[in-house]
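See structure below.
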Amino acid sequence: MTPLNPIRSVPAPAGYGAGDVLVIFGEVFGRGYVNGLIDAAEKAGMTVLYGTVGRRDAEGSLRPLTEEELAAKGHGPIINVPLEAGFDKEKASDGLTLSDRLNALGKDWEEGSLDLAAIEEARLKGEARFKASVADFMAALKPHLPEGANVLFAHTMAGGIPASKRVLSVSNRVFKGMDARYLSSKTYWDSPIGRACEISFEEVTARTLTHLVEGSADLRAEVEAKGGRVNYVAYGYHGTECLIDGSYQWQTYAPYLQGFAKMRLEDLAAEARATGANVSVYNAPEILTNSSGVFVGVELPLYRLLNALDHEAESAPFSATVKANCAAKLTDGEAALARVQEILDTYHADPSTQYMRVFADWPQHNTPEQMNIMLGSSAELRAMHKDSDDLMTSYLSQIVFTACGHIMLHQSWTADSAAYWMGHDVVSKTLGVTGLPG
C-alpha cells in the first residue's frame, strides 16, 4: 500500500514552454481528466501530440485511423500507430479469445472454470503486439520533437473490462444492483470472471506504464543528451480527500475493483523511478465522465467541492459564481443546494459507509446497505436536476479536471514521488491561479 501523499499547495510554475511537447499516450475521447492537462500544456505554449488506440476492421484486425477518422478527431497531430492495450481479442492456439471463454461460462459463472494457461498465452500475444506498437510509436514520434525540447508523456491507459456479454450482465449487478439485484463484488472478484478481469485490468491499467517507460528509454536518452527533460505522468484513482464535518478526510468509492490494478500502477511507477525515469501517478478526485458513468455513485463526493470552495481563501471569490451556476441546473434553484448538502451529510455519516473511509483497507468491496444508500443518494440528487443531461457534477467535474491538469503539468517538473493525491483542497487553491474554466 502506497502511503497517502497529498499535494497541499499549488506547485510552482514548471520550466515548460514553447517548443516543448506533451505526448498523449492513449486516445482522447470526449472531455475528461486528460483535457485539463492538455489545456494547461497549451496555455504554457507546448505542442500537444496525440495518440490513438486504433480501430478493429470487420475481420477483427487492428488498424490505424483512416484519413476521415483522423479529420473527425478535430485536434492536432496524431501519431497514427494503434496503441490498443489488453488481450481480450487475442486468440490462443485453440482459436478462442478471452471474450469467447467468458461468454461460454453461462449462468453458472460462479462455479465455472477458465483455461488460465490459454489466457496467459493470449496475454503474452497481446503484450508482444503492444510492445511492438510502442516501438513503432516512438519511431514515428521522434521526428516531431524539436531539438532540445522537454517532453512530458501522459499515460492515459485505464480500464480493461473484457468485451463479453456475460461480464457486462454480471458487472451491471455488481455496480448498479440494489435490493434483489444486489450482487456482492467479493463473490464476483473471487469467481472465474473476477480472476480474468484482474489479469485484464492489470495488463491495461498498469503494465502499459512499464511498456511506455521501457519503450521510450532510447528516445529519453537522446532527448536528455541534447539538454531536454523527459517526464511521465499517469492517472490514478485511490480515493480522495474532501471536506467532511469541517476537515479534509479521505474517502473512496466502492466497489472499485480496478483499484487493485491502480495499486499495481503505483508500484510500477516506483520501479520506474528506481531506474532513473521521472514517473509519477496522480490520484485524482472523483469526477463524472463517460467512462466513469458505470460506477453509479462515484460522483457523490464531487458535490463536496462546494464546501471546499468556501473553505479555501484562494477559491472563495469564485464560490458564489459556482454555486449560482449549480443552482441554475436544479429544479428548485438555490434553495435546493441546502438539500444537496443534507443528502451528502447523511451519506457520509451513515454507518454503512464508514468502512469506505479506511485508507489501509482500500480497495473495498460493496455491501447491501452501502449500495442502497449510495445508489439511492445518487438517484435522488440526479432527480433534483432540470435536465438529466445537464448535471451539477458535469460542471464541477470540469473545474476538477482543469485544476488537476494545471497541478500535474507543473508538479511533474520537480516530482519526487511515485504517487500523489490531489484533494479538494489543492483543487480549490488552484482556482486562484487558473480561474474558473470556460
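Naming works like this for the C-alpha cells: A, B, ... for the chains as they're shown, residue 1 at the start of each chain, ligands 1 onward in shown order.
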Residue neighbourhood Leu309 of chain A, 7 Å, only C-alpha atoms, exclusion window fewer than 6 positions, as a PyMOL selection string | chain A and resi 315-316+319+428
Write out, as a PDB file, in the first residue's frame, the residues just selected, with C-alpha atoms.
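Generated file (part_26.pdb):
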ATOM      1  CA  SER A 315     -11.247  29.867  -4.225  1.00  0.00           C
ATOM      2  CA  ALA A 316     -13.649  31.818  -2.007  1.00  0.00           C
ATOM      3  CA  SER A 319     -17.599  30.215  -4.796  1.00  0.00           C
ATOM      4  CA  SER A 428      -9.742  24.779  -4.792  1.00  0.00           C
TER       5      SER A 428
END
Find the residues around Lys386 of chain A up to 10 Å (only C-alpha atoms counted), leave out those fewer than 4 positions away in its own chain, and share them as a PyMOL selection string.
-> chain A and resi 328-333+382+390-391
In terms of only C-alpha atoms, the residue from A:Thr47, A:Ser417, A:Thr430, A:Asn372 at minimal distance from Glu312 of chain A is A:Thr430
Nearby residues (only C-alpha atoms) at most 12 Å from Asp389 of chain A, same-chain spacing under 4 positions excluded, as a VMD selection string = chain A and resid 288 to 290 329 to 330 382 to 383 385 393 to 395
Can you write just those residues out, all heavy atoms, as a CSV table (one decimal), in the first residue's frame?
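Resulting contents of part31.csv:
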chain,number,residue,atom,x,y,z
A,288,LEU,N,-17.3,13.0,-12.9
A,288,LEU,CA,-18.3,12.2,-13.8
A,288,LEU,C,-17.8,12.4,-15.2
A,288,LEU,O,-17.8,13.5,-15.8
A,288,LEU,CB,-19.7,12.8,-13.6
A,288,LEU,CG,-20.8,12.0,-14.2
A,288,LEU,CD1,-21.0,10.7,-13.6
A,288,LEU,CD2,-22.1,12.8,-14.1
A,289,THR,N,-17.5,11.2,-15.8
A,289,THR,CA,-17.1,11.2,-17.2
A,289,THR,C,-17.9,10.1,-17.9
A,289,THR,O,-18.6,9.3,-17.3
A,289,THR,CB,-15.6,10.9,-17.4
A,289,THR,OG1,-15.3,9.6,-16.9
A,289,THR,CG2,-14.8,11.9,-16.6
A,290,ASN,N,-17.7,10.0,-19.2
A,290,ASN,CA,-18.4,8.9,-20.0
A,290,ASN,C,-17.9,7.6,-19.5
A,290,ASN,O,-18.7,6.6,-19.3
A,290,ASN,CB,-18.1,9.0,-21.5
A,290,ASN,CG,-18.8,10.2,-22.1
A,290,ASN,OD1,-19.8,10.7,-21.6
A,290,ASN,ND2,-18.3,10.7,-23.2
A,329,LYS,N,-29.0,24.7,-12.4
A,329,LYS,CA,-29.3,23.4,-13.0
A,329,LYS,C,-30.3,22.6,-12.2
A,329,LYS,O,-30.8,21.6,-12.7
A,329,LYS,CB,-28.0,22.6,-13.1
A,329,LYS,CG,-26.9,23.3,-14.0
A,329,LYS,CD,-25.6,22.5,-14.0
A,329,LYS,CE,-24.5,23.2,-14.7
A,329,LYS,NZ,-24.8,23.5,-16.1
A,330,LEU,N,-30.7,23.1,-11.1
A,330,LEU,CA,-31.6,22.4,-10.2
A,330,LEU,C,-33.1,22.9,-10.3
A,330,LEU,O,-33.3,24.1,-10.5
A,330,LEU,CB,-31.2,22.6,-8.7
A,330,LEU,CG,-29.8,22.0,-8.4
A,330,LEU,CD1,-29.4,22.3,-7.0
A,330,LEU,CD2,-29.7,20.5,-8.7
A,382,ARG,N,-29.7,13.2,-8.7
A,382,ARG,CA,-29.9,13.4,-10.1
A,382,ARG,C,-31.4,13.8,-10.4
A,382,ARG,O,-31.6,14.7,-11.3
A,382,ARG,CB,-29.7,12.0,-10.8
A,382,ARG,CG,-29.8,12.1,-12.3
A,382,ARG,CD,-29.5,10.7,-13.0
A,382,ARG,NE,-28.0,10.5,-12.9
A,382,ARG,CZ,-27.2,10.7,-13.9
A,382,ARG,NH1,-27.6,11.2,-15.0
A,382,ARG,NH2,-25.9,10.4,-13.8
A,383,ALA,N,-32.3,13.4,-9.6
A,383,ALA,CA,-33.7,13.7,-9.9
A,383,ALA,C,-34.0,15.2,-9.5
A,383,ALA,O,-35.0,15.7,-10.0
A,383,ALA,CB,-34.6,12.8,-9.0
A,385,HIS,N,-32.4,17.7,-10.7
A,385,HIS,CA,-32.0,18.5,-11.8
A,385,HIS,C,-33.1,18.7,-12.8
A,385,HIS,O,-34.0,17.9,-13.0
A,385,HIS,CB,-30.8,17.8,-12.5
A,385,HIS,CG,-29.5,17.9,-11.7
A,385,HIS,ND1,-29.2,17.1,-10.6
A,385,HIS,CD2,-28.4,18.7,-11.8
A,385,HIS,CE1,-28.0,17.4,-10.1
A,385,HIS,NE2,-27.5,18.4,-10.8
A,393,THR,N,-22.7,17.9,-11.4
A,393,THR,CA,-21.5,17.1,-11.4
A,393,THR,C,-20.7,17.3,-12.7
A,393,THR,O,-19.5,17.2,-12.6
A,393,THR,CB,-21.8,15.7,-11.0
A,393,THR,OG1,-22.9,15.2,-11.8
A,393,THR,CG2,-22.1,15.5,-9.6
A,394,SER,N,-21.4,17.5,-13.8
A,394,SER,CA,-20.6,17.7,-15.0
A,394,SER,C,-19.9,19.0,-15.0
A,394,SER,O,-18.7,19.1,-15.4
A,394,SER,CB,-21.6,17.7,-16.2
A,394,SER,OG,-22.2,16.4,-16.3
A,395,TYR,N,-20.5,20.0,-14.5
A,395,TYR,CA,-19.9,21.3,-14.3
A,395,TYR,C,-18.8,21.3,-13.3
A,395,TYR,O,-17.6,21.8,-13.6
A,395,TYR,CB,-20.9,22.4,-13.9
A,395,TYR,CG,-20.4,23.7,-13.5
A,395,TYR,CD1,-19.7,24.5,-14.4
A,395,TYR,CD2,-20.6,24.2,-12.2
A,395,TYR,CE1,-19.2,25.8,-14.1
A,395,TYR,CE2,-20.1,25.4,-11.8
A,395,TYR,CZ,-19.4,26.2,-12.8
A,395,TYR,OH,-19.0,27.4,-12.4
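Nearest to Val298 of chain A of all the residues A:Ser171, A:Leu268, A:Met356, A:Ala324 is A:Met356, counting only C-alpha atoms.
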Neighbours of Met46 of chain A within 7 Å (only C-alpha atoms; same-chain residues fewer than 6 positions away dropped), as an mmCIF file with N, CA and C atoms, in the first residue's frame?
data_model
loop_
_atom_site.group_PDB
_atom_site.id
_atom_site.type_symbol
_atom_site.label_atom_id
_atom_site.label_comp_id
_atom_site.auth_asym_id
_atom_site.auth_seq_id
_atom_site.Cartn_x
_atom_site.Cartn_y
_atom_site.Cartn_z
ATOM 1 N N GLY A 17 7.710 25.280 -21.901
ATOM 2 C CA GLY A 17 7.370 26.458 -22.683
ATOM 3 C C GLY A 17 7.280 26.126 -24.155
ATOM 4 N N ALA A 18 7.317 27.154 -24.975
ATOM 5 C CA ALA A 18 7.225 26.972 -26.421
ATOM 6 C C ALA A 18 8.333 26.039 -26.895
ATOM 7 N N GLY A 19 7.984 25.132 -27.780
ATOM 8 C CA GLY A 19 8.943 24.154 -28.292
ATOM 9 C C GLY A 19 8.938 22.844 -27.526
ATOM 10 N N ASP A 20 8.379 22.851 -26.329
ATOM 11 C CA ASP A 20 8.266 21.611 -25.553
ATOM 12 C C ASP A 20 7.006 20.854 -25.978
ATOM 13 N N VAL A 21 6.958 19.560 -25.625
ATOM 14 C CA VAL A 21 5.933 18.688 -26.192
ATOM 15 C C VAL A 21 5.254 17.853 -25.112
ATOM 16 N N LEU A 22 3.922 17.837 -25.138
ATOM 17 C CA LEU A 22 3.121 16.903 -24.349
ATOM 18 C C LEU A 22 2.685 15.783 -25.279
#
Rank A:Ala419, A:Ala349, A:Ile193, A:Ile24 by their smallest atom-to-atom distance to Pro6 of chain A, using only C-alpha atoms, and report the top residue only.
-> A:Ala419
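For segment 126-343 of chain A, backbone-based DSSP assignment of strand (DSSP E or B) covers Val151, Leu152, Phe153, Ala154, His155, Val230, Asn231, Tyr232, Val233, Ala234, Tyr235, Gly236, Thr240, Glu241, Cys242, Leu243, Ile244, Ser247, Tyr248, Gln249, Trp250, Gln251, Asn278, Val279, Ser280, Val281, Tyr282, Asn283 and Leu330 of chain A.
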For the residues in the current selection, export N, CA and C atoms as a tab-separated table (two decimals), in the first residue's frame.
chain	number	residue	atom	x	y	z
A	151	VAL	N	10.03	16.94	-22.90
A	151	VAL	CA	8.91	16.09	-23.30
A	151	VAL	C	8.21	15.56	-22.06
A	152	LEU	N	6.88	15.67	-22.06
A	152	LEU	CA	6.06	15.12	-20.99
A	152	LEU	C	5.13	14.08	-21.59
A	153	PHE	N	5.29	12.83	-21.16
A	153	PHE	CA	4.39	11.76	-21.58
A	153	PHE	C	3.24	11.66	-20.59
A	154	ALA	N	2.01	11.57	-21.11
A	154	ALA	CA	0.83	11.38	-20.27
A	154	ALA	C	0.25	10.00	-20.55
A	155	HIS	N	0.40	9.10	-19.57
A	155	HIS	CA	-0.15	7.76	-19.68
A	155	HIS	C	-1.64	7.83	-19.34
A	230	VAL	N	12.73	14.55	-19.88
A	230	VAL	CA	11.60	13.67	-20.19
A	230	VAL	C	10.94	13.29	-18.87
A	231	ASN	N	9.67	13.63	-18.73
A	231	ASN	CA	8.91	13.29	-17.54
A	231	ASN	C	7.68	12.48	-17.93
A	232	TYR	N	7.15	11.74	-16.96
A	232	TYR	CA	5.98	10.90	-17.21
A	232	TYR	C	4.95	11.13	-16.11
A	233	VAL	N	3.69	11.29	-16.50
A	233	VAL	CA	2.59	11.33	-15.53
A	233	VAL	C	1.57	10.27	-15.92
A	234	ALA	N	0.94	9.70	-14.93
A	234	ALA	CA	-0.12	8.71	-15.15
A	234	ALA	C	-1.30	9.06	-14.28
A	235	TYR	N	-2.49	8.67	-14.73
A	235	TYR	CA	-3.71	8.97	-13.99
A	235	TYR	C	-4.09	7.79	-13.11
A	236	GLY	N	-4.27	8.08	-11.82
A	236	GLY	CA	-4.70	7.06	-10.88
A	236	GLY	C	-5.97	7.47	-10.17
A	240	THR	N	-9.98	10.02	-2.42
A	240	THR	CA	-9.53	11.41	-2.36
A	240	THR	C	-10.01	12.05	-1.07
A	241	GLU	N	-9.36	13.12	-0.70
A	241	GLU	CA	-9.79	13.87	0.48
A	241	GLU	C	-10.81	14.93	0.07
A	242	CYS	N	-11.91	15.01	0.80
A	242	CYS	CA	-12.87	16.09	0.61
A	242	CYS	C	-13.31	16.59	1.98
A	243	LEU	N	-13.96	17.73	1.99
A	243	LEU	CA	-14.30	18.39	3.25
A	243	LEU	C	-15.56	17.76	3.84
A	244	ILE	N	-15.38	17.06	4.97
A	244	ILE	CA	-16.48	16.41	5.68
A	244	ILE	C	-16.42	16.87	7.13
A	247	SER	N	-13.39	19.20	8.08
A	247	SER	CA	-11.99	18.84	7.89
A	247	SER	C	-11.85	17.95	6.65
A	248	TYR	N	-10.67	17.96	6.07
A	248	TYR	CA	-10.44	17.14	4.89
A	248	TYR	C	-10.19	15.70	5.31
A	249	GLN	N	-11.04	14.82	4.81
A	249	GLN	CA	-10.97	13.42	5.18
A	249	GLN	C	-10.95	12.55	3.92
A	250	TRP	N	-10.10	11.52	3.97
A	250	TRP	CA	-10.02	10.60	2.84
A	250	TRP	C	-11.27	9.72	2.81
A	251	GLN	N	-11.78	9.51	1.64
A	251	GLN	CA	-12.92	8.60	1.43
A	251	GLN	C	-12.78	8.03	0.03
A	278	ASN	N	11.64	9.78	-14.42
A	278	ASN	CA	10.81	10.63	-13.56
A	278	ASN	C	9.33	10.33	-13.84
A	279	VAL	N	8.79	9.35	-13.11
A	279	VAL	CA	7.43	8.86	-13.32
A	279	VAL	C	6.61	9.07	-12.06
A	280	SER	N	5.42	9.61	-12.21
A	280	SER	CA	4.54	9.81	-11.06
A	280	SER	C	3.10	9.52	-11.45
A	281	VAL	N	2.38	8.85	-10.54
A	281	VAL	CA	0.95	8.63	-10.67
A	281	VAL	C	0.23	9.70	-9.87
A	282	TYR	N	-0.76	10.33	-10.48
A	282	TYR	CA	-1.54	11.38	-9.82
A	282	TYR	C	-2.94	10.86	-9.58
A	283	ASN	N	-3.26	10.61	-8.31
A	283	ASN	CA	-4.59	10.12	-7.94
A	283	ASN	C	-5.55	11.31	-7.87
A	330	LEU	N	-30.71	23.12	-11.06
A	330	LEU	CA	-31.64	22.42	-10.18
A	330	LEU	C	-33.06	22.94	-10.33
Two-atom distance - atom CA of Leu4 of chain A, atom CA of Met422 of chain A (Å) =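 Answer for the atom CA of Leu4 of chain A to atom CA of Met422 of chain A separation: 10.5 Å.
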With a distance cut-off of 12 Å and only C-alpha atoms, select the neighbouring residues of Gly60 of chain A, excluding the residue or stretch itself and same-chain residues fewer than 6 positions from it, and output the selection as number ranges by chain.
-> A: 54, 88-91, 97
Return the single residue from A:Leu436, A:Leu305, A:Leu337, A:Val167 that is closest to Glu110 of chain A, with distances computed using only C-alpha atoms.
->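 Answer, going by the shortest atom-to-atom distance: A:Val167.
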Nearest residue to Val28 of chain A from the set A:Gly74, A:Pro363, A:Pro162, A:Gly438 (distances using only C-alpha atoms) = A:Gly74
Spatial neighbours of segment 61-73 of chain A, max dist 10 Å, only C-alpha atoms, sep filter under 4 positions, as a PDB file with N, CA, C and O atoms, in the first residue's frame:
ATOM      1  N   GLU A  27      -5.664   7.546 -26.282  1.00  0.00           N
ATOM      2  CA  GLU A  27      -6.531   8.316 -27.177  1.00  0.00           C
ATOM      3  C   GLU A  27      -7.502   9.143 -26.360  1.00  0.00           C
ATOM      4  O   GLU A  27      -7.982   8.700 -25.309  1.00  0.00           O
ATOM      5  N   VAL A  28      -7.787  10.347 -26.842  1.00  0.00           N
ATOM      6  CA  VAL A  28      -8.707  11.249 -26.168  1.00  0.00           C
ATOM      7  C   VAL A  28     -10.112  11.017 -26.710  1.00  0.00           C
ATOM      8  O   VAL A  28     -10.358  11.123 -27.917  1.00  0.00           O
ATOM      9  N   PHE A  29     -11.027  10.680 -25.810  1.00  0.00           N
ATOM     10  CA  PHE A  29     -12.432  10.503 -26.161  1.00  0.00           C
ATOM     11  C   PHE A  29     -13.265  11.434 -25.285  1.00  0.00           C
ATOM     12  O   PHE A  29     -13.375  11.230 -24.078  1.00  0.00           O
ATOM     13  N   GLY A  30     -13.859  12.462 -25.873  1.00  0.00           N
ATOM     14  CA  GLY A  30     -14.700  13.362 -25.098  1.00  0.00           C
ATOM     15  C   GLY A  30     -13.897  14.189 -24.110  1.00  0.00           C
ATOM     16  O   GLY A  30     -12.675  14.323 -24.201  1.00  0.00           O
ATOM     17  N   THR A  52      -3.521   7.208 -30.548  1.00  0.00           N
ATOM     18  CA  THR A  52      -4.781   6.530 -30.838  1.00  0.00           C
ATOM     19  C   THR A  52      -4.656   5.068 -30.447  1.00  0.00           C
ATOM     20  O   THR A  52      -3.556   4.499 -30.483  1.00  0.00           O
ATOM     21  N   VAL A  53      -5.767   4.471 -30.087  1.00  0.00           N
ATOM     22  CA  VAL A  53      -5.773   3.035 -29.803  1.00  0.00           C
ATOM     23  C   VAL A  53      -6.083   2.245 -31.057  1.00  0.00           C
ATOM     24  O   VAL A  53      -6.097   1.006 -31.041  1.00  0.00           O
ATOM     25  N   GLY A  54      -6.343   2.950 -32.171  1.00  0.00           N
ATOM     26  CA  GLY A  54      -6.653   2.268 -33.422  1.00  0.00           C
ATOM     27  C   GLY A  54      -8.098   1.794 -33.454  1.00  0.00           C
ATOM     28  O   GLY A  54      -8.895   2.071 -32.555  1.00  0.00           O
ATOM     29  N   ARG A  55      -8.431   1.058 -34.493  1.00  0.00           N
ATOM     30  CA  ARG A  55      -9.768   0.512 -34.658  1.00  0.00           C
ATOM     31  C   ARG A  55      -9.643  -0.931 -35.166  1.00  0.00           C
ATOM     32  O   ARG A  55      -8.638  -1.313 -35.743  1.00  0.00           O
ATOM     33  N   ARG A  56     -10.701  -1.697 -34.956  1.00  0.00           N
ATOM     34  CA  ARG A  56     -10.750  -3.071 -35.466  1.00  0.00           C
ATOM     35  C   ARG A  56     -11.581  -3.097 -36.748  1.00  0.00           C
ATOM     36  O   ARG A  56     -12.663  -2.504 -36.813  1.00  0.00           O
ATOM     37  N   ASP A  57     -11.071  -3.799 -37.786  1.00  0.00           N
ATOM     38  CA  ASP A  57     -11.848  -3.920 -39.019  1.00  0.00           C
ATOM     39  C   ASP A  57     -12.867  -5.054 -38.897  1.00  0.00           C
ATOM     40  O   ASP A  57     -13.000  -5.674 -37.828  1.00  0.00           O
ATOM     41  N   PRO A  77      -1.928  17.089 -34.266  1.00  0.00           N
ATOM     42  CA  PRO A  77      -1.335  15.909 -34.884  1.00  0.00           C
ATOM     43  C   PRO A  77      -1.440  14.640 -34.050  1.00  0.00           C
ATOM     44  O   PRO A  77      -1.243  14.649 -32.848  1.00  0.00           O
ATOM     45  N   ILE A  78      -1.786  13.549 -34.758  1.00  0.00           N
ATOM     46  CA  ILE A  78      -1.935  12.235 -34.133  1.00  0.00           C
ATOM     47  C   ILE A  78      -0.833  11.319 -34.639  1.00  0.00           C
ATOM     48  O   ILE A  78      -0.604  11.212 -35.845  1.00  0.00           O
ATOM     49  N   ILE A  79      -0.144  10.685 -33.707  1.00  0.00           N
ATOM     50  CA  ILE A  79       0.804   9.636 -34.076  1.00  0.00           C
ATOM     51  C   ILE A  79      -0.048   8.398 -34.336  1.00  0.00           C
ATOM     52  O   ILE A  79      -0.506   7.729 -33.412  1.00  0.00           O
ATOM     53  N   ASN A  80      -0.250   8.085 -35.604  1.00  0.00           N
ATOM     54  CA  ASN A  80      -1.283   7.127 -36.002  1.00  0.00           C
ATOM     55  C   ASN A  80      -0.777   5.679 -35.959  1.00  0.00           C
ATOM     56  O   ASN A  80      -0.781   4.963 -36.963  1.00  0.00           O
ATOM     57  N   VAL A  81      -0.362   5.287 -34.783  1.00  0.00           N
ATOM     58  CA  VAL A  81       0.062   3.905 -34.523  1.00  0.00           C
ATOM     59  C   VAL A  81      -0.898   3.335 -33.487  1.00  0.00           C
ATOM     60  O   VAL A  81      -1.005   3.876 -32.388  1.00  0.00           O
ATOM     61  N   PRO A  82      -1.621   2.259 -33.796  1.00  0.00           N
ATOM     62  CA  PRO A  82      -2.626   1.737 -32.855  1.00  0.00           C
ATOM     63  C   PRO A  82      -2.011   1.282 -31.536  1.00  0.00           C
ATOM     64  O   PRO A  82      -1.164   0.390 -31.511  1.00  0.00           O
ATOM     65  N   LEU A  83      -2.437   1.904 -30.442  1.00  0.00           N
ATOM     66  CA  LEU A  83      -1.944   1.562 -29.104  1.00  0.00           C
ATOM     67  C   LEU A  83      -3.040   0.855 -28.296  1.00  0.00           C
ATOM     68  O   LEU A  83      -3.182   1.094 -27.104  1.00  0.00           O
ATOM     69  N   GLU A  84      -3.798  -0.007 -28.943  1.00  0.00           N
ATOM     70  CA  GLU A  84      -4.807  -0.763 -28.206  1.00  0.00           C
ATOM     71  C   GLU A  84      -4.113  -1.673 -27.194  1.00  0.00           C
ATOM     72  O   GLU A  84      -3.260  -2.478 -27.553  1.00  0.00           O
ATOM     73  N   LYS A  89      -9.119  -9.719 -27.201  1.00  0.00           N
ATOM     74  CA  LYS A  89      -9.435 -10.072 -28.584  1.00  0.00           C
ATOM     75  C   LYS A  89      -8.363 -10.951 -29.220  1.00  0.00           C
ATOM     76  O   LYS A  89      -8.451 -11.292 -30.409  1.00  0.00           O
ATOM     77  N   GLU A  90      -7.325 -11.310 -28.451  1.00  0.00           N
ATOM     78  CA  GLU A  90      -6.250 -12.167 -28.951  1.00  0.00           C
ATOM     79  C   GLU A  90      -6.667 -13.638 -28.865  1.00  0.00           C
ATOM     80  O   GLU A  90      -7.187 -14.083 -27.840  1.00  0.00           O
TER      81      GLU A  90
END
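Here the question is which of A:Glu121, A:Glu202, A:Glu147, A:Glu127 gets nearest to Lys262 of chain A using only C-alpha atoms, and that residue is A:Glu202.
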What separates atom CA of Ala180 of chain A and atom CA of Ala379 of chain A is a distance of 17.3 Å
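Using only C-alpha atoms, the protein and nucleic acid residues lying no more than 8 Å from Gly259 of chain A, apart from those fewer than 2 places from it along its own chain, are A:Tyr237, A:His238, A:Tyr256, A:Leu257, A:Ala261, A:Lys262, A:Met263, A:Trp362, A:Pro363.
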Assign secondary structure with DSSP using the backbone only, and return the residues of segment 153-275 of chain A in helix (DSSP H, G or I) as an NGL selection string.
-> :A and (165-176 or 179-181 or 185-189 or 192-215 or 217-225 or 259-274)
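We find atom CA of Gln341 of chain A and atom CA of Asp310 of chain A to be spaced 13.4 Å apart.
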